[in-house]
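Trainee: The following file, coords-v1.cif, comprises mmCIF, N, CA and C atoms:
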data_entry
#
loop_
_atom_site.group_PDB
_atom_site.id
_atom_site.type_symbol
_atom_site.label_atom_id
_atom_site.label_comp_id
_atom_site.auth_asym_id
_atom_site.auth_seq_id
_atom_site.Cartn_x
_atom_site.Cartn_y
_atom_site.Cartn_z
ATOM 1 N N MET Q 1 32.848 -111.408 195.181
ATOM 2 C CA MET Q 1 31.931 -110.312 195.009
ATOM 3 C C MET Q 1 31.427 -110.229 193.564
ATOM 4 N N ASP Q 2 32.293 -110.521 192.604
ATOM 5 C CA ASP Q 2 31.868 -110.507 191.205
ATOM 6 C C ASP Q 2 30.854 -111.601 190.915
ATOM 7 N N VAL Q 3 30.945 -112.696 191.620
ATOM 8 C CA VAL Q 3 30.002 -113.799 191.427
ATOM 9 C C VAL Q 3 28.602 -113.361 191.854
ATOM 10 N N ILE Q 4 28.506 -112.641 192.959
ATOM 11 C CA ILE Q 4 27.208 -112.180 193.452
ATOM 12 C C ILE Q 4 26.602 -111.163 192.472
ATOM 13 N N LYS Q 5 27.410 -110.263 191.946
ATOM 14 C CA LYS Q 5 26.917 -109.288 190.977
ATOM 15 C C LYS Q 5 26.421 -109.993 189.715
ATOM 16 N N THR Q 6 27.167 -110.976 189.266
ATOM 17 C CA THR Q 6 26.781 -111.711 188.068
ATOM 18 C C THR Q 6 25.480 -112.474 188.289
ATOM 19 N N LEU Q 7 25.353 -113.128 189.427
ATOM 20 C CA LEU Q 7 24.120 -113.861 189.738
ATOM 21 C C LEU Q 7 22.924 -112.923 189.851
ATOM 22 N N CYS Q 8 23.123 -111.771 190.493
ATOM 23 C CA CYS Q 8 22.028 -110.805 190.605
ATOM 24 C C CYS Q 8 21.613 -110.287 189.224
ATOM 25 N N THR Q 9 22.574 -110.030 188.363
ATOM 26 C CA THR Q 9 22.268 -109.568 187.009
ATOM 27 C C THR Q 9 21.495 -110.623 186.241
ATOM 28 N N ILE Q 10 21.907 -111.868 186.354
ATOM 29 C CA ILE Q 10 21.202 -112.960 185.669
ATOM 30 C C ILE Q 10 19.780 -113.097 186.194
ATOM 31 N N ILE Q 11 19.613 -112.986 187.505
ATOM 32 C CA ILE Q 11 18.280 -113.110 188.101
ATOM 33 C C ILE Q 11 17.382 -111.958 187.640
ATOM 34 N N VAL Q 12 17.916 -110.736 187.626
ATOM 35 C CA VAL Q 12 17.124 -109.586 187.202
ATOM 36 C C VAL Q 12 16.695 -109.733 185.742
ATOM 37 N N PHE Q 13 17.620 -110.116 184.854
ATOM 38 C CA PHE Q 13 17.258 -110.279 183.442
ATOM 39 C C PHE Q 13 16.284 -111.432 183.235
ATOM 40 N N THR Q 14 16.400 -112.484 184.022
ATOM 41 C CA THR Q 14 15.464 -113.599 183.925
ATOM 42 C C THR Q 14 14.056 -113.171 184.345
ATOM 43 N N VAL Q 15 13.967 -112.427 185.439
ATOM 44 C CA VAL Q 15 12.663 -111.943 185.912
ATOM 45 C C VAL Q 15 12.055 -110.982 184.883
ATOM 46 N N LEU Q 16 12.858 -110.084 184.322
ATOM 47 C CA LEU Q 16 12.345 -109.164 183.308
ATOM 48 C C LEU Q 16 11.883 -109.904 182.058
ATOM 49 N N ALA Q 17 12.619 -110.943 181.657
ATOM 50 C CA ALA Q 17 12.228 -111.724 180.487
ATOM 51 C C ALA Q 17 10.908 -112.445 180.736
ATOM 52 N N VAL Q 18 10.731 -112.997 181.921
ATOM 53 C CA VAL Q 18 9.481 -113.691 182.254
ATOM 54 C C VAL Q 18 8.327 -112.700 182.305
ATOM 55 N N MET Q 19 8.571 -111.496 182.807
ATOM 56 C CA MET Q 19 7.512 -110.487 182.866
ATOM 57 C C MET Q 19 7.158 -109.970 181.471
ATOM 58 N N ALA Q 20 8.090 -110.017 180.534
ATOM 59 C CA ALA Q 20 7.837 -109.514 179.194
ATOM 60 C C ALA Q 20 7.131 -110.529 178.301
ATOM 61 N N LEU Q 21 7.055 -111.789 178.689
ATOM 62 C CA LEU Q 21 6.436 -112.820 177.849
ATOM 63 C C LEU Q 21 4.984 -112.516 177.473
ATOM 64 N N PRO Q 22 4.139 -112.064 178.401
ATOM 65 C CA PRO Q 22 2.766 -111.738 177.973
ATOM 66 C C PRO Q 22 2.709 -110.616 176.942
ATOM 67 N N LEU Q 23 3.572 -109.624 177.077
ATOM 68 C CA LEU Q 23 3.593 -108.533 176.099
ATOM 69 C C LEU Q 23 4.070 -109.025 174.738
ATOM 70 N N ILE Q 24 5.059 -109.883 174.726
ATOM 71 C CA ILE Q 24 5.551 -110.433 173.469
ATOM 72 C C ILE Q 24 4.472 -111.295 172.812
ATOM 73 N N GLY Q 25 3.803 -112.114 173.615
ATOM 74 C CA GLY Q 25 2.720 -112.951 173.088
ATOM 75 C C GLY Q 25 1.568 -112.129 172.543
ATOM 76 N N ALA Q 26 1.222 -111.046 173.242
ATOM 77 C CA ALA Q 26 0.142 -110.175 172.759
ATOM 78 C C ALA Q 26 0.542 -109.489 171.458
ATOM 79 N N GLY Q 27 1.796 -109.081 171.356
ATOM 80 C CA GLY Q 27 2.267 -108.451 170.125
ATOM 81 C C GLY Q 27 2.246 -109.405 168.949
ATOM 82 N N ILE Q 28 2.678 -110.636 169.165
ATOM 83 C CA ILE Q 28 2.654 -111.634 168.096
ATOM 84 C C ILE Q 28 1.211 -111.958 167.704
ATOM 85 N N GLY Q 29 0.333 -112.077 168.682
ATOM 86 C CA GLY Q 29 -1.077 -112.329 168.397
ATOM 87 C C GLY Q 29 -1.709 -111.196 167.613
ATOM 88 N N LEU Q 30 -1.379 -109.960 167.960
ATOM 89 C CA LEU Q 30 -1.907 -108.808 167.241
ATOM 90 C C LEU Q 30 -1.390 -108.774 165.804
ATOM 91 N N MET Q 31 -0.135 -109.148 165.600
ATOM 92 C CA MET Q 31 0.405 -109.203 164.242
ATOM 93 C C MET Q 31 -0.338 -110.236 163.395
ATOM 94 N N PHE Q 32 -0.661 -111.401 163.976
ATOM 95 C CA PHE Q 32 -1.409 -112.416 163.245
ATOM 96 C C PHE Q 32 -2.815 -111.925 162.897
ATOM 97 N N VAL Q 33 -3.478 -111.278 163.849
ATOM 98 C CA VAL Q 33 -4.830 -110.778 163.603
ATOM 99 C C VAL Q 33 -4.814 -109.727 162.490
ATOM 100 N N LEU Q 34 -3.877 -108.801 162.549
ATOM 101 C CA LEU Q 34 -3.789 -107.777 161.504
ATOM 102 C C LEU Q 34 -3.421 -108.384 160.154
ATOM 103 N N GLY Q 35 -2.570 -109.397 160.153
ATOM 104 C CA GLY Q 35 -2.209 -110.072 158.903
ATOM 105 C C GLY Q 35 -3.395 -110.778 158.279
ATOM 106 N N PHE Q 36 -4.167 -111.500 159.086
ATOM 107 C CA PHE Q 36 -5.346 -112.182 158.558
ATOM 108 C C PHE Q 36 -6.401 -111.186 158.094
ATOM 109 N N PHE Q 37 -6.543 -110.049 158.788
ATOM 110 C CA PHE Q 37 -7.495 -109.029 158.363
ATOM 111 C C PHE Q 37 -7.086 -108.444 157.019
ATOM 112 N N PHE Q 38 -5.785 -108.203 156.826
ATOM 113 C CA PHE Q 38 -5.319 -107.677 155.541
ATOM 114 C C PHE Q 38 -5.554 -108.687 154.428
ATOM 115 N N ILE Q 39 -5.327 -109.968 154.700
ATOM 116 C CA ILE Q 39 -5.567 -111.002 153.690
ATOM 117 C C ILE Q 39 -7.057 -111.065 153.341
ATOM 118 N N TRP Q 40 -7.926 -110.897 154.342
ATOM 119 C CA TRP Q 40 -9.363 -110.890 154.076
ATOM 120 C C TRP Q 40 -9.766 -109.642 153.292
ATOM 121 N N LEU Q 41 -9.110 -108.513 153.557
ATOM 122 C CA LEU Q 41 -9.453 -107.256 152.918
ATOM 123 C C LEU Q 41 -8.856 -107.124 151.519
ATOM 124 N N LEU Q 42 -7.842 -107.894 151.206
ATOM 125 C CA LEU Q 42 -7.126 -107.778 149.940
ATOM 126 C C LEU Q 42 -8.029 -107.918 148.701
ATOM 127 N N PRO Q 43 -8.920 -108.906 148.601
ATOM 128 C CA PRO Q 43 -9.795 -108.981 147.415
ATOM 129 C C PRO Q 43 -10.686 -107.753 147.252
ATOM 130 N N ILE Q 44 -11.157 -107.188 148.342
ATOM 131 C CA ILE Q 44 -11.999 -105.999 148.268
ATOM 132 C C ILE Q 44 -11.196 -104.830 147.713
ATOM 133 N N LEU Q 45 -9.968 -104.678 148.177
ATOM 134 C CA LEU Q 45 -9.121 -103.592 147.672
ATOM 135 C C LEU Q 45 -8.797 -103.785 146.197
ATOM 136 N N ILE Q 46 -8.577 -105.016 145.787
ATOM 137 C CA ILE Q 46 -8.273 -105.284 144.377
ATOM 138 C C ILE Q 46 -9.481 -104.958 143.502
ATOM 139 N N ILE Q 47 -10.674 -105.336 143.931
ATOM 140 C CA ILE Q 47 -11.880 -105.046 143.152
ATOM 141 C C ILE Q 47 -12.143 -103.545 143.104
ATOM 142 N N LEU Q 48 -11.950 -102.860 144.218
ATOM 143 C CA LEU Q 48 -12.195 -101.416 144.226
ATOM 144 C C LEU Q 48 -11.226 -100.661 143.327
ATOM 145 N N SER Q 49 -10.032 -101.174 143.158
ATOM 146 C CA SER Q 49 -9.062 -100.481 142.303
ATOM 147 C C SER Q 49 -9.066 -100.993 140.864
ATOM 148 N N SER Q 50 -9.901 -101.974 140.550
ATOM 149 C CA SER Q 50 -9.934 -102.557 139.216
ATOM 150 C C SER Q 50 -10.715 -101.685 138.238
ATOM 151 N N ASP Q 51 -10.348 -101.791 136.974
ATOM 152 C CA ASP Q 51 -11.060 -101.077 135.917
ATOM 153 C C ASP Q 51 -12.027 -101.981 135.152
ATOM 154 N N LYS Q 52 -12.156 -103.232 135.555
ATOM 155 C CA LYS Q 52 -13.041 -104.161 134.852
ATOM 156 C C LYS Q 52 -14.507 -103.775 134.997
ATOM 157 N N THR Q 53 -14.880 -103.305 136.160
ATOM 158 C CA THR Q 53 -16.280 -102.984 136.431
ATOM 159 C C THR Q 53 -16.374 -101.570 136.976
ATOM 160 N N THR Q 54 -17.580 -101.038 136.959
ATOM 161 C CA THR Q 54 -17.813 -99.690 137.478
ATOM 162 C C THR Q 54 -19.133 -99.646 138.211
ATOM 163 N N GLY Q 55 -19.288 -98.659 139.055
ATOM 164 C CA GLY Q 55 -20.555 -98.332 139.697
ATOM 165 C C GLY Q 55 -21.200 -99.447 140.477
ATOM 166 N N GLY Q 56 -22.471 -99.711 140.119
ATOM 167 C CA GLY Q 56 -23.271 -100.686 140.856
ATOM 168 C C GLY Q 56 -22.742 -102.102 140.756
ATOM 169 N N GLU Q 57 -22.158 -102.436 139.612
ATOM 170 C CA GLU Q 57 -21.622 -103.789 139.468
ATOM 171 C C GLU Q 57 -20.424 -103.999 140.399
ATOM 172 N N LYS Q 58 -19.592 -102.980 140.525
ATOM 173 C CA LYS Q 58 -18.450 -103.069 141.446
ATOM 174 C C LYS Q 58 -18.940 -103.213 142.880
ATOM 175 N N PHE Q 59 -19.977 -102.438 143.236
ATOM 176 C CA PHE Q 59 -20.556 -102.521 144.577
ATOM 177 C C PHE Q 59 -21.132 -103.910 144.835
ATOM 178 N N ALA Q 60 -21.784 -104.487 143.830
ATOM 179 C CA ALA Q 60 -22.342 -105.839 143.978
ATOM 180 C C ALA Q 60 -21.238 -106.867 144.179
ATOM 181 N N TRP Q 61 -20.125 -106.730 143.453
ATOM 182 C CA TRP Q 61 -19.012 -107.664 143.638
ATOM 183 C C TRP Q 61 -18.400 -107.536 145.030
ATOM 184 N N VAL Q 62 -18.293 -106.310 145.532
ATOM 185 C CA VAL Q 62 -17.751 -106.121 146.886
ATOM 186 C C VAL Q 62 -18.677 -106.749 147.914
ATOM 187 N N LEU Q 63 -19.986 -106.573 147.743
ATOM 188 C CA LEU Q 63 -20.936 -107.224 148.662
ATOM 189 C C LEU Q 63 -20.837 -108.744 148.568
ATOM 190 N N ALA Q 64 -20.649 -109.259 147.374
ATOM 191 C CA ALA Q 64 -20.489 -110.703 147.215
ATOM 192 C C ALA Q 64 -19.231 -111.187 147.921
ATOM 193 N N ILE Q 65 -18.168 -110.416 147.857
ATOM 194 C CA ILE Q 65 -16.933 -110.784 148.560
ATOM 195 C C ILE Q 65 -17.177 -110.813 150.062
ATOM 196 N N ILE Q 66 -17.883 -109.810 150.574
ATOM 197 C CA ILE Q 66 -18.108 -109.732 152.016
ATOM 198 C C ILE Q 66 -18.955 -110.902 152.490
ATOM 199 N N PHE Q 67 -20.009 -111.254 151.743
ATOM 200 C CA PHE Q 67 -20.932 -112.269 152.216
ATOM 201 C C PHE Q 67 -20.626 -113.681 151.720
ATOM 202 N N LEU Q 68 -19.926 -113.814 150.613
ATOM 203 C CA LEU Q 68 -19.636 -115.142 150.069
ATOM 204 C C LEU Q 68 -18.152 -115.501 150.124
ATOM 205 N N SER Q 69 -17.345 -114.579 150.544
ATOM 206 C CA SER Q 69 -15.917 -114.777 150.754
ATOM 207 C C SER Q 69 -15.148 -114.949 149.458
ATOM 208 N N TRP Q 70 -14.124 -115.782 149.482
ATOM 209 C CA TRP Q 70 -13.147 -115.882 148.402
ATOM 210 C C TRP Q 70 -13.712 -116.501 147.134
ATOM 211 N N PHE Q 71 -14.790 -117.257 147.219
ATOM 212 C CA PHE Q 71 -15.385 -117.825 146.011
ATOM 213 C C PHE Q 71 -15.842 -116.723 145.072
ATOM 214 N N ALA Q 72 -16.405 -115.669 145.622
ATOM 215 C CA ALA Q 72 -16.853 -114.552 144.793
ATOM 216 C C ALA Q 72 -15.666 -113.866 144.133
ATOM 217 N N TRP Q 73 -14.529 -113.818 144.795
ATOM 218 C CA TRP Q 73 -13.339 -113.208 144.197
ATOM 219 C C TRP Q 73 -12.861 -114.020 142.996
ATOM 220 N N ILE Q 74 -12.911 -115.328 143.120
ATOM 221 C CA ILE Q 74 -12.539 -116.193 141.998
ATOM 222 C C ILE Q 74 -13.529 -115.992 140.848
ATOM 223 N N PHE Q 75 -14.821 -115.921 141.157
ATOM 224 C CA PHE Q 75 -15.819 -115.669 140.125
ATOM 225 C C PHE Q 75 -15.623 -114.288 139.494
ATOM 226 N N TYR Q 76 -15.191 -113.321 140.289
ATOM 227 C CA TYR Q 76 -14.940 -111.986 139.747
ATOM 228 C C TYR Q 76 -13.870 -112.043 138.665
ATOM 229 N N PHE Q 77 -12.782 -112.744 138.933
ATOM 230 C CA PHE Q 77 -11.725 -112.819 137.936
ATOM 231 C C PHE Q 77 -12.143 -113.628 136.713
ATOM 232 N N LEU Q 78 -13.055 -114.572 136.880
ATOM 233 C CA LEU Q 78 -13.499 -115.377 135.755
ATOM 234 C C LEU Q 78 -14.621 -114.722 134.959
ATOM 235 N N LEU Q 79 -15.507 -113.980 135.622
ATOM 236 C CA LEU Q 79 -16.734 -113.517 134.977
ATOM 237 C C LEU Q 79 -16.844 -112.015 134.761
ATOM 238 N N ALA Q 80 -16.140 -111.212 135.492
ATOM 239 C CA ALA Q 80 -16.339 -109.757 135.419
ATOM 240 C C ALA Q 80 -15.803 -109.213 134.111
ATOM 241 N N PRO Q 81 -16.439 -108.314 133.476
ATOM 242 C CA PRO Q 81 -17.746 -107.747 133.771
ATOM 243 C C PRO Q 81 -18.867 -108.700 133.368
ATOM 244 N N LEU Q 82 -19.990 -108.599 134.057
ATOM 245 C CA LEU Q 82 -21.098 -109.505 133.790
ATOM 246 C C LEU Q 82 -21.725 -109.274 132.424
ATOM 247 N N LYS Q 83 -21.843 -108.039 132.022
ATOM 248 C CA LYS Q 83 -22.365 -107.751 130.687
ATOM 249 C C LYS Q 83 -21.272 -107.027 129.903
ATOM 250 N N PRO Q 84 -21.147 -107.324 128.641
ATOM 251 C CA PRO Q 84 -20.066 -106.696 127.866
ATOM 252 C C PRO Q 84 -20.299 -105.201 127.709
ATOM 253 N N ARG Q 85 -19.212 -104.453 127.827
ATOM 254 C CA ARG Q 85 -19.288 -103.008 127.640
ATOM 255 C C ARG Q 85 -19.140 -102.689 126.165
ATOM 256 N N LYS Q 86 -19.599 -101.515 125.773
ATOM 257 C CA LYS Q 86 -19.581 -101.141 124.355
ATOM 258 C C LYS Q 86 -18.172 -100.938 123.826
ATOM 259 N N ASP Q 87 -17.234 -100.576 124.690
ATOM 260 C CA ASP Q 87 -15.892 -100.326 124.190
ATOM 261 C C ASP Q 87 -15.144 -101.618 123.912
ATOM 262 N N TYR Q 88 -15.724 -102.757 124.243
ATOM 263 C CA TYR Q 88 -15.109 -104.041 123.911
ATOM 264 C C TYR Q 88 -15.462 -104.500 122.492
ATOM 265 N N TRP Q 89 -16.549 -103.959 121.956
ATOM 266 C CA TRP Q 89 -17.007 -104.396 120.645
ATOM 267 C C TRP Q 89 -16.315 -103.596 119.558
ATOM 268 N N TYR Q 90 -15.913 -104.303 118.528
ATOM 269 C CA TYR Q 90 -15.285 -103.656 117.379
ATOM 270 C C TYR Q 90 -16.321 -103.590 116.263
ATOM 271 N N GLU Q 91 -16.617 -102.430 115.829
ATOM 272 C CA GLU Q 91 -17.616 -102.287 114.776
ATOM 273 C C GLU Q 91 -17.012 -101.687 113.535
#
For this file, produce the structure as structure tokens.

Mentor:
Amino acid sequence: MDVIKTLCTIIVFTVLAVMALPLIGAGIGLMFVLGFFFIWLLPILIILSSDKTTGGEKFAWVLAIIFLSWFAWIFYFLLAPLKPRKDYWYE
């Protein structure tokens, strides 16, 4: 009798595990999508929180990130600000 109970328990857990596979796969897929979205959004968040640029120039850099992708982010770190601000000059 214990053998039958054990076999039934194994069969039930096997069926439940097989039924849960699509949910597990969907969860893993959703985690990957959200991770890639955060990686894509990360340069925009860094530029928005940066003090290197302000106003329209910051908006232009964000648009460049959206339309030109990561190359614009690399250019941002190399070139921003595009024109020197007055507080950088020592007189």

Trainee: Atom C of Q:Val15 and atom C of Q:Gly27 are how many Å apart?

Mentor: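 Atom-to-atom, atom C of Q:Val15 to atom C of Q:Gly27, that is 18.8 Å.
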
Trainee: Can you work out the spacing between atom CA of Q:Lys52 and atom CA of Q:Ala80 in Å, to one decimal?

Mentor: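 Going from atom CA of Q:Lys52 over to atom CA of Q:Ala80, I get 6.5 Å.
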
Trainee: What is the atom CA of Q:Ile74-atom CA of Q:Gly35 distance in Å, reported with one decimal?

Mentor: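 These two atoms are separated by 20.7 Å.
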
Trainee: Quick one: residues within 8 Å of Q:Pro81, all atoms listed in the file counted, chain neighbours fewer than 4 positions away excluded, as number ranges by chain?

Mentor: Q: 51-54, 57, 76-77, 85

Trainee: Output N, CA and C atoms for every residue in that selection, as a tab-separated table (two decimals), keeping the file's coordinate frame.

Mentor:
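That gives us result_39.tsv:
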chain	number	residue	atom	x	y	z
Q	51	ASP	N	-10.35	-101.79	136.97
Q	51	ASP	CA	-11.06	-101.08	135.92
Q	51	ASP	C	-12.03	-101.98	135.15
Q	52	LYS	N	-12.16	-103.23	135.56
Q	52	LYS	CA	-13.04	-104.16	134.85
Q	52	LYS	C	-14.51	-103.78	135.00
Q	53	THR	N	-14.88	-103.30	136.16
Q	53	THR	CA	-16.28	-102.98	136.43
Q	53	THR	C	-16.37	-101.57	136.98
Q	54	THR	N	-17.58	-101.04	136.96
Q	54	THR	CA	-17.81	-99.69	137.48
Q	54	THR	C	-19.13	-99.65	138.21
Q	57	GLU	N	-22.16	-102.44	139.61
Q	57	GLU	CA	-21.62	-103.79	139.47
Q	57	GLU	C	-20.42	-104.00	140.40
Q	76	TYR	N	-15.19	-113.32	140.29
Q	76	TYR	CA	-14.94	-111.99	139.75
Q	76	TYR	C	-13.87	-112.04	138.66
Q	77	PHE	N	-12.78	-112.74	138.93
Q	77	PHE	CA	-11.72	-112.82	137.94
Q	77	PHE	C	-12.14	-113.63	136.71
Q	85	ARG	N	-19.21	-104.45	127.83
Q	85	ARG	CA	-19.29	-103.01	127.64
Q	85	ARG	C	-19.14	-102.69	126.16

Trainee: Using DSSP secondary structure from the backbone, list all alpha helix (DSSP H) positions within chain Q, as an MDAnalysis selection string.

Mentor: chainID Q and resid 2:49 55:68 70:79

Trainee: Tell me which of Q:Thr9, Q:Phe32, Q:Pro43, Q:Leu78 sits closest to Q:Ala64, counting only C-alpha atoms.

Mentor: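 For Q:Ala64, the nearest of the candidates is Q:Pro43.
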
Trainee: Take every atom of stretch 61-72 of chain Q listed in the file, pad by 3 Å on each side, and give me the axis-aligned box centre and edge lengths in Å, one decimal, as AutoDock Vina command-line options.

Mentor:
--center_x -17.0 --center_y -112.0 --center_z 148.0 --size_x 13.8 --size_y 17.7 --size_z 15.0
